[in-house]
$ cat protein_13.txt   # compact mmCIF, C-alpha atoms and all ligand atoms
# COMPACT_ATOMS: atom_id res chain seq x y z
CA MET A 30 -68.10 -9.47 195.36
CA THR A 31 -68.02 -5.72 194.86
CA SER A 32 -65.40 -4.36 192.52
CA PRO A 33 -62.60 -2.13 193.82
CA ARG A 34 -64.24 0.82 192.08
CA GLU A 35 -67.56 0.23 193.88
CA GLN A 36 -65.73 -0.16 197.16
CA ILE A 37 -63.88 3.11 196.58
CA GLU A 38 -67.18 4.83 195.85
CA ARG A 39 -68.70 3.44 199.01
CA TYR A 40 -65.78 4.76 201.04
CA LEU A 41 -65.96 8.13 199.27
CA ARG A 42 -69.66 8.41 200.18
CA ARG A 43 -68.71 7.82 203.79
CA LEU A 44 -66.10 10.54 203.57
CA ALA A 45 -68.63 12.90 201.98
CA ASP A 46 -70.64 12.61 205.19
CA TRP A 47 -67.87 14.34 207.12
CA ARG A 48 -69.38 17.53 208.54
CA GLY A 49 -66.54 18.75 210.72
CA ASP A 50 -63.67 21.15 210.03
CA GLU A 51 -61.56 20.77 206.92
CA LEU A 52 -59.09 17.92 207.41
CA THR A 53 -55.56 17.71 206.05
CA PHE A 54 -53.95 14.29 205.86
CA MET A 55 -50.38 13.75 204.72
CA GLU A 56 -49.05 10.73 202.85
CA VAL A 57 -45.40 10.05 203.44
CA CYS A 58 -44.53 7.47 200.83
CA GLY A 59 -43.38 8.14 197.28
CA THR A 60 -45.41 5.18 196.09
CA HIS A 61 -48.54 6.72 197.64
CA THR A 62 -47.76 10.00 195.90
CA VAL A 63 -47.58 8.29 192.52
CA SER A 64 -50.65 6.14 193.14
CA ALA A 65 -52.72 9.14 194.28
CA ALA A 66 -51.62 11.26 191.31
CA ARG A 67 -52.25 8.45 188.82
CA SER A 68 -55.73 7.68 190.10
CA GLY A 69 -56.70 11.33 190.56
CA LEU A 70 -57.43 10.55 194.21
CA HIS A 71 -57.08 14.20 195.30
CA SER A 72 -59.96 15.30 193.12
CA LEU A 73 -62.17 12.36 194.18
CA LEU A 74 -62.03 13.31 197.84
CA PRO A 75 -64.71 15.66 199.18
CA ARG A 76 -63.66 19.31 199.43
CA SER A 77 -63.39 19.12 203.19
CA ILE A 78 -60.71 16.40 203.08
CA ARG A 79 -57.34 17.24 201.65
CA LEU A 80 -54.50 14.81 200.99
CA ILE A 81 -51.06 16.37 200.75
CA SER A 82 -47.67 14.81 200.06
CA GLY A 83 -44.89 14.85 202.60
CA PRO A 84 -41.22 13.92 202.75
CA GLY A 85 -41.70 10.32 201.61
CA CYS A 86 -39.30 10.23 198.68
CA PRO A 87 -35.81 9.37 200.00
CA VAL A 88 -34.03 10.95 197.06
CA CYS A 89 -36.04 14.17 197.43
CA VAL A 90 -35.11 14.65 201.07
CA THR A 91 -31.40 13.96 200.52
CA PRO A 92 -29.65 17.33 200.83
CA VAL A 93 -27.69 18.96 198.02
CA SER A 94 -24.51 18.58 200.10
CA TYR A 95 -24.77 14.80 199.78
CA VAL A 96 -24.88 14.99 195.99
CA ASP A 97 -21.88 17.34 196.16
CA HIS A 98 -20.04 14.78 198.29
CA ALA A 99 -20.78 11.97 195.83
CA LEU A 100 -19.66 14.19 192.95
CA ALA A 101 -16.39 15.00 194.75
CA LEU A 102 -15.76 11.27 195.33
CA SER A 103 -16.49 10.54 191.68
CA LYS A 104 -13.52 12.72 190.76
CA LEU A 105 -11.07 10.46 192.58
CA PRO A 106 -9.32 8.31 189.96
CA GLU A 107 -9.59 5.06 191.96
CA VAL A 108 -13.31 5.40 192.81
CA THR A 109 -16.29 3.74 191.14
CA ILE A 110 -19.58 5.23 192.33
CA VAL A 111 -22.43 2.72 192.45
CA THR A 112 -25.98 3.93 193.06
CA PHE A 113 -29.70 3.32 192.75
CA GLY A 114 -31.00 4.92 189.56
CA ASP A 115 -33.09 7.60 191.28
CA LEU A 116 -30.04 9.52 192.44
CA VAL A 117 -28.05 10.00 189.24
CA ARG A 118 -29.98 12.96 187.90
CA VAL A 119 -30.33 14.94 191.14
CA PRO A 120 -28.51 18.25 190.72
CA GLY A 121 -25.74 19.19 193.12
CA SER A 122 -24.70 22.74 193.98
CA SER A 123 -24.67 24.81 190.82
CA ALA A 124 -21.33 26.37 191.84
CA ASN A 125 -19.77 23.15 190.63
CA GLY A 126 -20.65 23.60 187.00
CA PRO A 127 -21.85 25.93 184.30
CA GLU A 128 -24.81 28.05 185.43
CA LYS A 129 -27.47 26.38 183.30
CA ALA A 130 -26.65 22.77 184.07
CA PRO A 131 -25.88 22.11 187.74
CA PRO A 132 -23.81 18.95 187.90
CA SER A 133 -25.41 15.62 188.66
CA LEU A 134 -23.81 12.18 188.70
CA ALA A 135 -25.17 11.64 185.18
CA TRP A 136 -23.43 14.88 184.17
CA ALA A 137 -20.19 13.64 185.76
CA LYS A 138 -20.49 10.26 184.07
CA ALA A 139 -20.86 11.92 180.67
CA ARG A 140 -17.57 13.64 181.47
CA GLY A 141 -15.71 10.46 182.26
CA ALA A 142 -16.50 9.70 185.92
CA ASP A 143 -17.01 6.02 186.72
CA VAL A 144 -20.67 5.91 187.83
CA LYS A 145 -22.76 2.75 187.70
CA VAL A 146 -26.47 2.28 188.35
CA VAL A 147 -27.63 -0.92 190.02
CA TYR A 148 -30.85 -2.46 191.30
CA SER A 149 -29.40 -3.98 194.47
CA PRO A 150 -26.46 -3.23 196.78
CA LEU A 151 -25.47 -6.86 196.10
CA ASP A 152 -24.68 -5.78 192.52
CA ALA A 153 -22.30 -3.19 194.00
CA LEU A 154 -20.68 -5.91 196.09
CA GLU A 155 -20.29 -8.06 192.99
CA LEU A 156 -18.54 -5.16 191.25
CA ALA A 157 -16.16 -4.79 194.19
CA ARG A 158 -15.37 -8.49 193.90
CA GLU A 159 -14.66 -8.18 190.18
CA LEU A 160 -12.83 -4.85 190.16
CA LYS A 161 -10.18 -5.60 192.77
CA ASP A 162 -8.07 -2.54 191.95
CA ARG A 163 -11.04 -0.15 192.21
CA GLN A 164 -12.63 1.42 195.26
CA VAL A 165 -16.37 0.78 195.01
CA VAL A 166 -18.45 3.39 196.87
CA PHE A 167 -22.15 2.60 197.21
CA LEU A 168 -24.48 5.56 197.72
CA SER A 169 -26.40 4.48 200.79
CA VAL A 170 -29.70 6.38 200.86
CA GLY A 171 -33.18 5.30 201.82
CA PHE A 172 -35.61 4.76 204.65
CA GLU A 173 -36.02 1.65 206.78
CA THR A 174 -37.19 -0.38 203.78
CA THR A 175 -33.79 -0.02 202.16
CA THR A 176 -31.30 0.40 205.01
CA PRO A 177 -31.54 -3.23 206.26
CA VAL A 178 -30.86 -4.38 202.71
CA ILE A 179 -27.74 -2.21 202.53
CA ALA A 180 -26.67 -3.39 206.00
CA ALA A 181 -27.06 -7.02 204.95
CA ALA A 182 -24.93 -6.38 201.85
CA LEU A 183 -22.22 -4.73 203.94
CA GLN A 184 -22.34 -7.67 206.36
CA GLN A 185 -21.74 -9.98 203.38
CA ALA A 186 -18.76 -7.79 202.36
CA ILE A 187 -17.31 -8.02 205.86
CA ASP A 188 -17.89 -11.78 206.06
CA SER A 189 -16.14 -12.36 202.73
CA GLY A 190 -13.27 -9.98 203.50
CA ILE A 191 -14.02 -7.53 200.69
CA GLU A 192 -12.12 -4.37 201.59
CA ASN A 193 -12.55 -2.21 198.48
CA PHE A 194 -16.22 -1.56 199.31
CA SER A 195 -17.58 1.37 201.29
CA LEU A 196 -20.80 3.35 201.82
CA LEU A 197 -21.53 7.05 201.58
CA THR A 198 -24.40 7.14 204.04
CA ALA A 199 -27.44 9.43 204.23
CA ASN A 200 -29.94 6.91 205.52
CA LYS A 201 -33.05 8.25 207.17
CA THR A 202 -35.75 7.11 209.54
CA ILE A 203 -39.40 8.07 209.19
CA ILE A 204 -40.81 8.62 212.67
CA GLN A 205 -38.81 11.74 213.62
CA PRO A 206 -39.80 13.90 210.61
CA LEU A 207 -43.43 12.85 211.13
CA LEU A 208 -43.17 14.05 214.69
CA ALA A 209 -41.55 17.31 213.54
CA LEU A 210 -44.23 17.93 210.91
CA GLY A 211 -47.10 16.72 213.05
CA THR A 212 -46.24 19.11 215.87
CA SER A 213 -45.17 22.08 213.70
CA SER A 214 -47.15 25.30 213.85
CA GLU A 215 -46.60 25.96 210.13
CA ILE A 216 -49.28 23.56 208.98
CA LYS A 217 -51.95 21.59 210.81
CA ILE A 218 -51.84 17.91 209.89
CA HIS A 219 -54.79 15.85 211.14
CA GLY A 220 -53.30 12.46 210.40
CA PHE A 221 -50.63 10.51 208.59
CA LEU A 222 -51.10 7.93 205.88
CA CYS A 223 -48.08 5.85 206.89
CA PRO A 224 -45.87 4.12 204.31
CA GLY A 225 -46.61 0.43 203.76
CA HIS A 226 -43.16 -0.92 203.01
CA VAL A 227 -41.28 1.09 205.62
CA SER A 228 -43.82 -0.27 208.10
CA VAL A 229 -43.08 -3.84 207.00
CA VAL A 230 -39.68 -3.32 208.65
CA ILE A 231 -40.43 -1.00 211.59
CA GLY A 232 -43.86 -2.45 212.45
CA SER A 233 -47.11 -0.69 213.34
CA ASN A 234 -46.02 -0.27 216.97
CA ALA A 235 -43.39 2.24 215.83
CA TYR A 236 -46.14 4.85 215.27
CA ARG A 237 -47.77 4.41 218.66
CA SER A 238 -45.98 7.29 220.34
CA LEU A 239 -47.09 9.63 217.53
CA ALA A 240 -50.71 8.62 218.08
CA GLU A 241 -50.83 7.93 221.80
CA ILE A 242 -48.50 10.61 223.15
CA HIS A 243 -48.80 13.32 220.52
CA GLY A 244 -52.40 12.67 219.53
CA ILE A 245 -51.78 12.37 215.79
CA PRO A 246 -53.93 9.78 214.00
CA CYS A 247 -51.97 7.23 211.96
CA ALA A 248 -53.09 4.66 209.38
CA ILE A 249 -50.71 2.34 207.55
CA ALA A 250 -51.76 1.89 203.95
CA GLY A 251 -50.91 -0.31 200.99
CA PHE A 252 -50.50 1.51 197.72
CA GLU A 253 -53.67 0.74 195.78
CA PRO A 254 -56.13 3.66 195.62
CA LEU A 255 -58.68 1.48 197.42
CA GLU A 256 -56.23 0.79 200.24
CA MET A 257 -55.40 4.46 200.50
CA VAL A 258 -59.06 5.49 200.63
CA ARG A 259 -59.70 2.86 203.29
CA ALA A 260 -56.88 4.35 205.35
CA ILE A 261 -58.28 7.87 204.85
CA VAL A 262 -61.64 6.63 206.18
CA ALA A 263 -59.78 5.17 209.17
CA LEU A 264 -58.07 8.52 209.81
CA THR A 265 -61.36 10.43 209.51
CA GLU A 266 -62.96 8.02 211.98
CA GLN A 267 -60.13 8.56 214.44
CA VAL A 268 -60.65 12.32 214.19
CA SER A 269 -64.43 12.10 214.59
CA GLN A 270 -64.12 9.74 217.57
CA ASN A 271 -61.34 11.94 218.97
CA HIS A 272 -59.36 8.76 219.46
CA PRO A 273 -55.91 8.90 217.82
CA ARG A 274 -54.45 5.43 217.33
CA VAL A 275 -52.54 3.39 214.77
CA ASP A 276 -54.80 1.59 212.29
CA ASN A 277 -52.94 -1.06 210.32
CA CYS A 278 -54.67 -1.19 206.94
CA TYR A 279 -51.86 -3.24 205.33
CA ARG A 280 -52.04 -6.38 207.42
CA ALA A 281 -50.84 -8.68 204.64
CA ALA A 282 -47.26 -7.62 205.26
CA VAL A 283 -47.14 -5.35 208.31
CA ARG A 284 -46.93 -6.85 211.77
CA PRO A 285 -47.01 -4.93 215.05
CA GLU A 286 -43.34 -5.65 215.77
CA GLY A 287 -42.14 -5.35 212.15
CA ASN A 288 -39.36 -7.52 210.76
CA SER A 289 -37.13 -8.14 213.77
CA LYS A 290 -34.40 -9.81 211.75
CA ALA A 291 -34.13 -6.82 209.40
CA LEU A 292 -34.06 -4.43 212.36
CA GLU A 293 -31.38 -6.52 214.04
CA VAL A 294 -29.07 -6.46 211.02
CA MET A 295 -29.69 -2.74 210.53
CA PHE A 296 -28.94 -1.79 214.13
CA LYS A 297 -25.94 -4.10 214.32
CA LEU A 298 -24.16 -1.97 211.71
CA PHE A 299 -25.94 1.39 211.97
CA GLU A 300 -26.81 3.72 214.83
CA PRO A 301 -29.06 6.79 215.01
CA CYS A 302 -27.59 10.21 214.24
CA ASP A 303 -28.83 13.73 213.60
CA SER A 304 -29.60 14.21 209.95
CA VAL A 305 -30.32 17.05 207.54
CA TRP A 306 -33.52 16.86 205.48
CA ARG A 307 -33.88 18.97 202.39
CA GLY A 308 -36.41 21.65 203.14
CA ILE A 309 -36.88 20.66 206.76
CA GLY A 310 -33.37 21.10 208.14
CA GLU A 311 -31.62 19.06 210.79
CA ILE A 312 -33.79 16.69 212.81
CA SER A 313 -32.17 14.98 215.77
CA ASP A 314 -31.88 11.20 215.62
CA SER A 315 -33.57 11.07 212.20
CA GLY A 316 -30.69 9.46 210.38
CA LEU A 317 -28.58 6.32 210.54
CA LYS A 318 -24.79 6.20 210.34
CA LEU A 319 -22.32 3.35 210.56
CA ARG A 320 -21.34 2.40 214.11
CA ALA A 321 -17.78 3.21 215.20
CA GLU A 322 -16.59 -0.39 214.72
CA TYR A 323 -17.70 -0.29 211.08
CA ARG A 324 -16.56 3.25 210.35
CA LYS A 325 -13.74 1.98 208.13
CA TYR A 326 -16.46 1.13 205.62
CA ASP A 327 -17.64 4.75 205.68
CA ALA A 328 -16.58 6.42 202.43
CA ALA A 329 -16.64 9.84 204.13
CA GLN A 330 -13.89 8.57 206.48
CA ARG A 331 -11.97 6.58 203.91
CA PHE A 332 -11.59 9.42 201.39
CA LYS A 333 -11.01 13.03 202.33
CA VAL A 334 -12.38 15.41 199.72
CA GLU A 335 -13.04 19.15 199.57
CA LEU A 336 -16.70 20.10 199.38
CA PRO A 337 -18.00 23.25 197.68
CA PRO A 338 -20.29 25.66 199.52
CA VAL A 339 -23.86 24.42 199.28
CA LEU A 340 -26.04 26.23 196.76
CA GLU A 341 -29.71 25.27 196.51
CA PRO A 342 -31.19 25.61 193.01
CA LEU A 343 -32.45 29.18 192.67
CA GLY A 344 -36.23 29.54 192.89
CA CYS A 345 -36.79 25.85 193.65
CA ARG A 346 -39.33 25.36 196.45
CA CYS A 347 -38.76 21.64 197.07
CA GLY A 348 -38.48 22.40 200.77
CA ASP A 349 -41.97 23.90 200.94
CA VAL A 350 -43.32 21.04 198.82
CA LEU A 351 -41.73 18.43 201.11
CA ARG A 352 -43.24 20.05 204.20
CA GLY A 353 -46.64 20.10 202.54
CA VAL A 354 -46.80 23.90 202.73
CA ILE A 355 -47.35 24.38 199.00
CA SER A 356 -48.46 22.06 196.24
CA PRO A 357 -45.98 21.72 193.35
CA SER A 358 -47.95 23.91 190.94
CA ARG A 359 -47.47 26.84 193.32
CA CYS A 360 -43.73 26.82 192.57
CA GLY A 361 -42.97 29.47 189.95
CA LEU A 362 -40.66 27.13 188.04
CA PHE A 363 -43.11 24.19 187.90
CA GLY A 364 -43.75 23.12 184.31
CA LYS A 365 -41.83 26.14 183.02
CA SER A 366 -38.09 25.93 183.55
CA CYS A 367 -38.51 22.83 185.72
CA THR A 368 -39.83 19.69 183.98
CA PRO A 369 -38.88 16.00 184.23
CA ASP A 370 -36.62 16.44 181.20
CA SER A 371 -34.82 19.38 182.73
CA PRO A 372 -35.36 19.19 186.49
CA LYS A 373 -34.27 22.00 188.80
CA GLY A 374 -34.95 20.25 192.08
CA ALA A 375 -34.94 16.71 193.41
CA CYS A 376 -38.76 16.61 193.65
CA MET A 377 -38.90 16.76 189.85
CA VAL A 378 -36.08 14.26 189.28
CA SER A 379 -37.32 11.21 191.08
CA SER A 380 -40.43 9.70 189.51
CA GLU A 381 -41.73 9.47 193.07
CA GLY A 382 -41.14 13.14 193.77
CA SER A 383 -44.30 15.17 194.25
CA CYS A 384 -43.42 17.60 191.45
CA ALA A 385 -42.75 14.82 188.95
CA ALA A 386 -45.90 12.93 189.95
CA TYR A 387 -48.07 16.06 189.65
CA TYR A 388 -46.45 16.97 186.36
CA GLN A 389 -46.82 13.54 184.85
CA PHE A 390 -50.46 13.11 185.77
CA ARG A 391 -51.43 16.78 185.39
CA GLN A 392 -52.93 16.70 188.82
CA GLU A 393 -55.59 19.32 189.38
CA ASP A 394 -54.51 20.27 192.84
CA GLY A 395 -55.77 23.79 193.25
CA LYS A 396 -58.26 22.99 195.98
CA MET B 5 -38.02 3.90 196.02
CA CYS B 6 -39.52 1.85 198.81
CA LEU B 7 -41.54 -0.27 196.39
CA ALA B 8 -41.38 -3.98 197.13
CA ILE B 9 -42.88 -6.67 194.94
CA PRO B 10 -44.45 -9.98 196.00
CA MET B 11 -42.72 -13.01 194.45
CA ARG B 12 -43.35 -16.75 194.85
CA VAL B 13 -40.55 -19.01 196.06
CA ILE B 14 -39.61 -21.88 193.74
CA SER B 15 -36.65 -23.24 195.67
CA VAL B 16 -34.33 -22.37 198.53
CA ASP B 17 -30.56 -22.85 198.61
CA GLY B 18 -28.90 -21.55 201.77
CA ASN B 19 -29.44 -17.81 201.99
CA LEU B 20 -30.60 -17.60 198.37
CA GLY B 21 -34.09 -18.12 197.04
CA ARG B 22 -35.18 -18.76 193.48
CA VAL B 23 -38.35 -16.72 193.01
CA GLU B 24 -40.91 -16.12 190.31
CA ALA B 25 -43.17 -13.19 189.48
CA SER B 26 -45.13 -12.64 186.26
CA GLY B 27 -43.14 -15.41 184.58
CA ALA B 28 -39.73 -13.92 185.38
CA LEU B 29 -37.32 -15.96 187.46
CA LEU B 30 -34.69 -14.43 189.68
CA THR B 31 -32.54 -15.03 192.70
CA VAL B 32 -33.03 -13.06 195.90
CA ALA B 33 -31.11 -12.95 199.16
CA LEU B 34 -32.92 -14.37 202.20
CA ASP B 35 -30.67 -12.77 204.84
CA LEU B 36 -33.53 -10.71 206.30
CA VAL B 37 -36.29 -13.34 206.60
CA GLU B 38 -36.60 -16.63 208.44
CA GLY B 39 -37.96 -20.07 207.68
CA VAL B 40 -38.66 -19.59 203.97
CA GLN B 41 -40.23 -22.57 202.16
CA PRO B 42 -40.98 -23.20 198.48
CA GLY B 43 -44.48 -21.88 197.71
CA ASP B 44 -44.18 -18.95 200.14
CA TYR B 45 -44.70 -15.42 198.91
CA LEU B 46 -41.95 -12.92 199.67
CA LEU B 47 -41.95 -9.18 199.46
CA VAL B 48 -38.79 -8.34 197.50
CA HIS B 49 -36.96 -5.02 197.64
CA ALA B 50 -33.56 -4.28 196.03
CA GLY B 51 -32.56 -7.93 195.71
CA PHE B 52 -33.58 -8.98 199.23
CA ALA B 53 -36.74 -10.50 200.65
CA ILE B 54 -37.93 -8.11 203.38
CA ALA B 55 -41.02 -10.04 204.52
CA ARG B 56 -43.14 -13.11 203.99
CA MET B 57 -46.67 -12.42 202.81
CA ASP B 58 -50.02 -14.08 202.98
CA ALA B 59 -50.51 -15.81 199.59
CA ASP B 60 -53.95 -14.34 198.72
CA GLU B 61 -52.87 -10.85 199.63
CA ALA B 62 -49.68 -11.29 197.61
CA GLN B 63 -51.67 -12.18 194.50
CA GLU B 64 -53.91 -9.16 195.01
CA ASN B 65 -50.84 -6.95 195.35
CA LEU B 66 -49.34 -8.33 192.13
CA ASP B 67 -52.55 -7.44 190.30
CA ILE B 68 -52.29 -3.94 191.71
CA ILE B 69 -48.67 -3.54 190.65
CA LYS B 70 -49.62 -4.66 187.15
CA ARG B 71 -52.29 -1.99 187.04
CA LEU B 72 -49.95 0.65 188.46
CA THR B 73 -47.32 -0.03 185.83
CA GLU B 74 -49.76 -0.01 182.93
CA SER B 75 -50.49 3.28 181.16
CA PRO B 76 -52.20 5.93 183.29
CA GLU B 77 -55.96 6.01 183.47
CA PRO B 78 -57.55 8.63 181.21
S1 LIG C 1 -41.23 22.38 190.45
FE1 LIG C 1 -39.01 22.05 190.27
S2 LIG C 1 -38.12 23.90 191.06
FE2 LIG C 1 -40.24 23.89 191.76
S3 LIG C 1 -40.20 22.90 193.78
FE3 LIG C 1 -40.56 21.28 192.28
S4 LIG C 1 -38.50 20.50 191.81
FE4 LIG C 1 -38.20 22.49 192.80
$ encode --input "protein_13.txt" --output "structure tokens" --more "lines below"
Ligand code: SF4
Amino acid sequence: MTSPREQIERYLRRLADWRGDELTFMEVCGTHTVSAARSGLHSLLPRSIRLISGPGCPVCVTPVSYVDHALALSKLPEVTIVTFGDLVRVPGSSANGPEKAPPSLAWAKARGADVKVVYSPLDALELARELKDRQVVFLSVGFETTTPVIAAALQQAIDSGIENFSLLTANKTIIQPLLALGTSSEIKIHGFLCPGHVSVVIGSNAYRSLAEIHGIPCAIAGFEPLEMVRAIVALTEQVSQNHPRVDNCYRAAVRPEGNSKALEVMFKLFEPCDSVWRGIGEISDSGLKLRAEYRKYDAAQRFKVELPPVLEPLGCRCGDVLRGVISPSRCGLFGKSCTPDSPKGACMVSSEGSCAAYYQFRQEDGK
Amino acid sequence: MCLAIPMRVISVDGNLGRVEASGALLTVALDLVEGVQPGDYLLVHAGFAIARMDADEAQENLDIIKRLTESPEP
């Protein structure tokens, strides 16, 4: 059996045969971003094939206003904020705090706010069970991999009559931004490397309209460099055959129809809504919010707080990075005033953010 | 953030599964999958199984995750 390395080399030789125009493919999964940076995939590809990162890190695309909202809730004396770890260091609007250190939830916690990091929304539910006199607010962010999990936890809360539990929602769906980016005139994208674990839930059929109606090649990939290269070969083939379709290169877990039970739970509690993406702006029907009958579990309804005017970090080009318009090193702050230890923008905070991944693995990305 | 890890089912009790990966045992919620049996491989994300996986592929994925979490290649 050939080793993964030999297989990668074989695929790379096939890619080197590409004689057409320069191709730009976009990966839209934070795990792909990290895997590509770690393995140096960008520099292994032939010059005529470029892999850029898109808006695949849920924390990175969450707008500053959401962090501001969470910070405002954390000031309420009865509220315990419970969140996935990725969010706690994302800076909010700098107007909230001293110029040099825009406030984050970690900043608020150091100043006495009750902020807890968990691995699962079930841990948040457990806290609500234990802390009966507290209001537990779970920060509900994520794509379709995560939203069903949050929905299932909320369903458990409802079933067991737990009332001191609510969600601050900014959940997002993946197809609409892909459509927006794939049809934008700002940058020509020749195909999408679609996220493996989001696809586990939504299924490979979910991309068919992108490929069949809008003519954008799609390939669903696992997160090993070999799997990513295989998907890039699939995309290149689609381009050369002028036959856009959806190639499922992650068959172990992704089925055409996805996980119907997860989708059912998600859509029982959530419904589509317009949603703001950092750097992209509002995209219609690209978010998920709680349905009217479950709105009493919406922390934005339960607690009324004043929000400061939104201030994006000065000089931060996360938006351009997330749209694939520039690579992180083109941002003037990259590696200077913005590093993982002292991040200016969300793309440097989350380990899956493009800026953090490029910084950590010193990606040579000038091509 | 969307990372999910394959884990092998040891036992099932209602909507909870006892699972094992790299020697660690933990409990995951089975609310989002159907018909889980001991010996199955599950893809686990944030405390919930989000899919059942083919066993060979699951093992391959575990090897990959191990490599991904080891120190970066030079
Ligand atoms: S390097 Fe820092 S400041 Fe520049 S775009 Fe990335 S996160 Fe924003």
$ residues_around --input "protein_13.txt" --residues "Pro246 in chain A" --least-positions-apart "3" --cutoff "7 Å" --atoms "only C-alpha atoms" --output "PDB file with C-alpha atoms, in the frame of the given file"
ATOM      1  CA  HIS A 219     -54.790  15.850 211.140  1.00  0.00           C
ATOM      2  CA  GLY A 220     -53.300  12.460 210.400  1.00  0.00           C
ATOM      3  CA  PHE A 221     -50.630  10.510 208.590  1.00  0.00           C
ATOM      4  CA  ALA A 240     -50.710   8.620 218.080  1.00  0.00           C
ATOM      5  CA  LEU A 264     -58.070   8.520 209.810  1.00  0.00           C
ATOM      6  CA  GLN A 267     -60.130   8.560 214.440  1.00  0.00           C
ATOM      7  CA  PRO A 273     -55.910   8.900 217.820  1.00  0.00           C
ATOM      8  CA  ARG A 274     -54.450   5.430 217.330  1.00  0.00           C
ATOM      9  CA  VAL A 275     -52.540   3.390 214.770  1.00  0.00           C
TER      10      VAL A 275
END
$ residues_near_ligand --input "protein_13.txt" --ligand "ligand LIG 1 (chain C)" --cutoff "12 Å" --atoms "only C-alpha atoms and all ligand atoms" --output "PyMOL selection string"
chain A and resi 88-90+119-120+307-308+341-389
$ closest_residue --input "protein_13.txt" --among "A:Glu266, A:Asp50, A:Glu293, A:Glu107" --to "chain B" --atoms "all atoms listed in the file"
A:Glu293
$ closest_atom_pairs --input "protein_13.txt" --of "chain A" --to "chain B" --cutoff "8 Å" --atoms "all atoms listed in the file" --output "CSV"
residue,atom,partner,partner_atom,distance
A:Cys58,CA,B:Cys6,CA,7.8
A:Gly59,CA,B:Met5,CA,6.9
A:Thr60,CA,B:Leu7,CA,6.7
A:Ser64,CA,B:Leu72,CA,7.2
A:Arg67,CA,B:Pro76,CA,6.1
A:Ser68,CA,B:Glu77,CA,6.8
A:Cys86,CA,B:Met5,CA,7.0
A:Pro87,CA,B:Met5,CA,7.1
A:Asp115,CA,B:Met5,CA,7.8
A:Tyr148,CA,B:Ala50,CA,5.7
A:Ser149,CA,B:Ala50,CA,4.5
A:Pro150,CA,B:Ala50,CA,7.2
A:Leu151,CA,B:Gly51,CA,7.2
A:Gly171,CA,B:Met5,CA,7.7
A:Phe172,CA,B:Cys6,CA,7.6
A:Thr174,CA,B:Cys6,CA,5.9
A:Thr175,CA,B:Cys6,CA,6.9
A:Pro177,CA,B:Leu36,CA,7.7
A:Val178,CA,B:Phe52,CA,6.4
A:Ala181,CA,B:Asp35,CA,6.8
A:His226,CA,B:Cys6,CA,6.2
A:Val227,CA,B:Cys6,CA,7.1
A:Val229,CA,B:Ala55,CA,7.0
A:Val230,CA,B:Ile54,CA,7.3
A:Glu253,CA,B:Ile68,CA,6.4
A:Ala281,CA,B:Asp58,CA,5.7
A:Ala282,CA,B:Met57,CA,5.4
A:Asn288,CA,B:Ala55,CA,6.9
A:Lys290,CA,B:Leu36,CA,5.6
A:Ala291,CA,B:Leu36,CA,5.0
A:Val294,CA,B:Leu36,CA,7.8
A:Glu381,CA,B:Met5,CA,7.3
A:Phe390,CA,B:Pro76,CA,7.8
$ atom_distance --input "protein_13.txt" --atom1 "CA of Ser238 in chain A" --atom2 "CA of Ile204 in chain A"
9.3 Å
$ atom_distance --input "protein_13.txt" --atom1 "CA of Phe252 in chain A" --atom2 "CA of Trp306 in chain A"
24.2 Å
$ atom_distance --input "protein_13.txt" --atom1 "CA of Leu80 in chain A" --atom2 "CA of Met257 in chain A"
10.4 Å
$ residues_near_point --input "protein_13.txt" --point "(-25.3, 11.5, 215.0)" --cutoff "10 Å" --atoms "all atoms listed in the file" --output "list in words"
Glu300, Pro301, Cys302, Asp303, Ser304, Ser313, Asp314, Ser315, Gly316, Leu317, Lys318, Leu319 and Arg320 of chain A
$ residues_around --input "protein_13.txt" --residues "Ser133 in chain A" --least-positions-apart "3" --cutoff "9 Å" --atoms "all atoms listed in the file" --output "list in words"
Val96, Asp97, Leu100, Leu116, Val117, Arg118, Val119, Pro120, Gly121, Ser122, Ala130, Trp136, Ala137 and Lys138 of chain A
$ axis_aligned_box --input "protein_13.txt" --around "range 32-47 of chain B" --padding-each-side "4 Å" --output "AutoDock Vina command-line options"
--center_x -37.7 --center_y -16.2 --center_z 202.2 --size_x 22.0 --size_y 22.0 --size_z 20.5
$ residues_around --input "protein_13.txt" --residues "Gln41 in chain B" --least-positions-apart "2" --cutoff "8 Å" --atoms "all atoms listed in the file" --output "compact mmCIF listing (two decimals) with C-alpha atoms, in the coordinates of the input"
# COMPACT_ATOMS: atom_id res chain seq x y z
CA VAL B 13 -40.55 -19.01 196.06
CA SER B 15 -36.65 -23.24 195.67
CA VAL B 16 -34.33 -22.37 198.53
CA GLY B 39 -37.96 -20.07 207.68
CA GLY B 43 -44.48 -21.88 197.71
CA ASP B 44 -44.18 -18.95 200.14
$ closest_residue --input "protein_13.txt" --among "A:Ala328, A:Ser233, A:Arg76, A:Ile110" --to "Ala142 in chain A" --atoms "all atoms listed in the file"
A:Ile110
